[in-house]
Amino acid sequence: MHISRFGSVASRHKVQLGAALSAVALAVTGLAVPNANAAPKPITIGISVSLSGDFSGDGKATQQGYKIWATWQNAHGGILGRPVVLKFLSDASSPTQVVTNYQKFITSDKVDFVLGPYSTKLTKPASDIANRYHYVMLEGIGGGPSVFSRGLKNVFDVSASATYQLVTYAKWLAATQKPQPIAYATMDDPFIQPMVDFAKAYLDAKGFTEAVYKVYPAETTDFSPIASAVAASGAKIAILGTMPPDGYAMIQNFIQAKYNPDQLIMASGPDQGADFTKSVGITNTEGIMVPNTWIPTSNYTGNKDMVALYIKTYGGDINSINADVPEAFAAGQVLAQAVNKVGSTSNVKLQAYLHSGAKFMSVQGPVQFAADGQNSGAAPYVFQWQKGQYVPVLPLGGPDKVSPIETLRPAWGTTPGA
Amino acid sequence: MLVLQAIIEGVLVGGFYALMAAGLTLVFGVMDIVNFAIGALIVLGAYLSYSLTIHFHIDPFVSLIFTTPLMTALGMFIYVFLIKPIKTNKVVMSLLTMFAVATLIEGILDICYNSGFVQIHASYINNSLRIGKLNFPLIYVLSFLLSAFLLSCLYFVTYRTKFGRSLRASMQNPVAARLVGIDTDRVSMITLGIGIGLAAIGGMIFGTTNAFNASSSYDIISRLLVIVILGGFGSVGGALVAAIFMLVIQDVVAVVWSPVWGSTAFYMILMLVLLVRPQGLFGKKGVRAQ
């Protein structure tokens, strides 16, 4: 009988059988010795973004924010030591398409996590789908009150609540100025209109009166009658619930109507960096205010890196960064911190942890979720355009240094130094 | 006074909406095509004027000397290479083709200009004329005058020239027009050229009065279709009346009541008109019955 150095044929078969069984057992129990060269399996995250349609401007900025977060996160060890890979689908700003996209991410692509799209209008149907499949939806740009009034437990907003974003200004106004008539005009939008309405309710209670109050549909392209009504009111203070393109048109109409309010605050638009200054002209920006959830120069976790990474990747300067960028970035940051803490990719465990009162830090500041999923840890800021610069002016006495507020806007086209 | 101001603004803004709708209604009248690309083509016209003002410091109105012929040529190109080759199911296939053209234009503009909003600027755009307590934004006045002039030209071409007779014959009965020797393909090519050339002008005006990006076409197309339906498909005069009627109704309701009800009020009137005249205010009943 031929005897090999491994012993007899029978014993060799036993050895082979044993080795095969051992390999199977190790593979099944996950104890197989890892290949040192094998890359860890990536964490996949599905995100629907509006690359066309009404929200395409913000949609692209949202995508930029998520992309630079993934780059930054991967440079900081990824999530659970695994690299982050983002999967994007465009929803064309459509509530129908956004549902299809998240359905595909979850049921077909089987992504580990999802992050929110742009806008309250899209976050509502998107979070319904995520909830159906027991997925958590962290988001930073869809925090209208109606998202959180439906009793869903899986949706979390890392930004300051939309309801309170204009209240910082309203509180300052009530504290420093005598009650007077105020002109209000707002888009009929689930995110924007509550901002204006909540501030109006606060100011009404403090004795300020309504000079005019106009709600306009989102598809409006001719803003002249709305601007004329605001101008005809003669109010020295105007609070506008605008989105970027209509806010720009409204300013043009104010200039044409020679309406020059002492104070002008817009819910959105002046926070769009270069888009805003190019559209309305830098000399017309002086004194215009906007609420925001992010200070570009802050020292909050990752902010300096984010700004540097943004400028390196997309060009421009610190003032040209759209506010959607840090909001998307912050959603990614909170996801990573929470998953690393939970130690698994279980969305059920993640949801429980996010509801536990745990505190997180983001480029926008502290994050802590209330029972309905809104961020109770953030304080909204107010920014103002001063001499061509976009500077924080409120809240006073907060943790961040702010510039003195300009209470009287100059005439249109006379921005000093710009 | 506010109502009078709203009526004036409605008439001024309605003028350039009529100009944009005129191209759409002409193309439908001659070719039976609803030019779904009109919104995207208007935005393309706006971007072309924007580029000329930014890079060559050309006045937006002067930019039309370059953009209008270019867009007219584009219209003729689209007809010759995309519409004319369609031999079967022409109406549906043309509709889909124009939809594809719109998607293509939006995609290219998005790549070239990003999706940020831009606006066409000139030194006089924010100026206005003041008569008593009434305010006339200069850009609206200039746009209205230009639109009125161009619509008059269009009327003259349609009703006072040999080409106009061919055009009207093609609108009324294309088969008979061919039988009497009218080159309906040539008429269609020129008509689509004119329709898209007008989009260049409408785009420049839109770009001076609104911030826009590649996706702004969606807000335009629905309004133009409504104007054309109310005015009657194929009727330039109908488009003018319908556009001014729509804008005046919306603006007056906006200032007196609420902008939210402006569109609703108009659509209710549109429904009532269509119940009585399904062909629209100036459309001809059964003109395509042959």
# chains A, B, ... in the order shown; residues from 1 in each chain; ligands from 1
>>> interface_residues(of="chain A", to="chain B", cutoff="6 Å", atoms="only C-alpha atoms", output="number ranges by chain")
A: 52-53, 56-57, 216-217, 219, 225, 229, 245, 249, 256, 275, 279
>>> residues_around(residues="region 27-40 of chain B", least_positions_apart="2", cutoff="7 Å", atoms="only C-alpha atoms", output="ChimeraX atom specification")
/B:23-25,42-44,91,94-95,98-99,101-102,105-106,167,170-171,188,191-192,195,199,217-218,220-221,233-234
>>> select_by_dssp(residues="region 137-283 of chain B", states="helix (DSSP H, G or I)", output="ChimeraX atom specification")
/B:138-160,162-172,174-179,184-209,214-231,236-256,259-276
>>> select_by_dssp(residues="region 139-373 of chain A", states="strand (DSSP E)", output="VMD selection string")
chain A and resid 139 155 to 157 181 to 187 209 to 216 237 to 241 263 to 266 288 to 292 359 to 362 365 to 368
>>> closest_residue(among="A:Tyr300, A:Phe223, A:Tyr169, A:Trp69", to="Pro392 (chain A)", atoms="only C-alpha atoms")
A:Tyr169
>>> closest_residue(among="B:Ile194, B:Ala176, B:Ile83, B:Met189", to="Leu70 (chain B)", atoms="only C-alpha atoms")
B:Ile194
>>> closest_residue(among="A:Pro190, A:Gly241, A:Pro296, A:Pro145", to="Val215 (chain A)", atoms="only C-alpha atoms")
A:Gly241
>>> residues_around(residues="region 354-365 of chain A", least_positions_apart="4", cutoff="9 Å", atoms="only C-alpha atoms", output="VMD selection string")
chain A and resid 153 156 158 to 160 293 to 296 298 to 304 306 326 to 327 329 to 334 337 to 338 349 to 350 369 to 373 377 to 379
>>> atom_distance(atom1="CA of Leu408 (chain A)", atom2="CA of Asp222 (chain A)")
28.2 Å
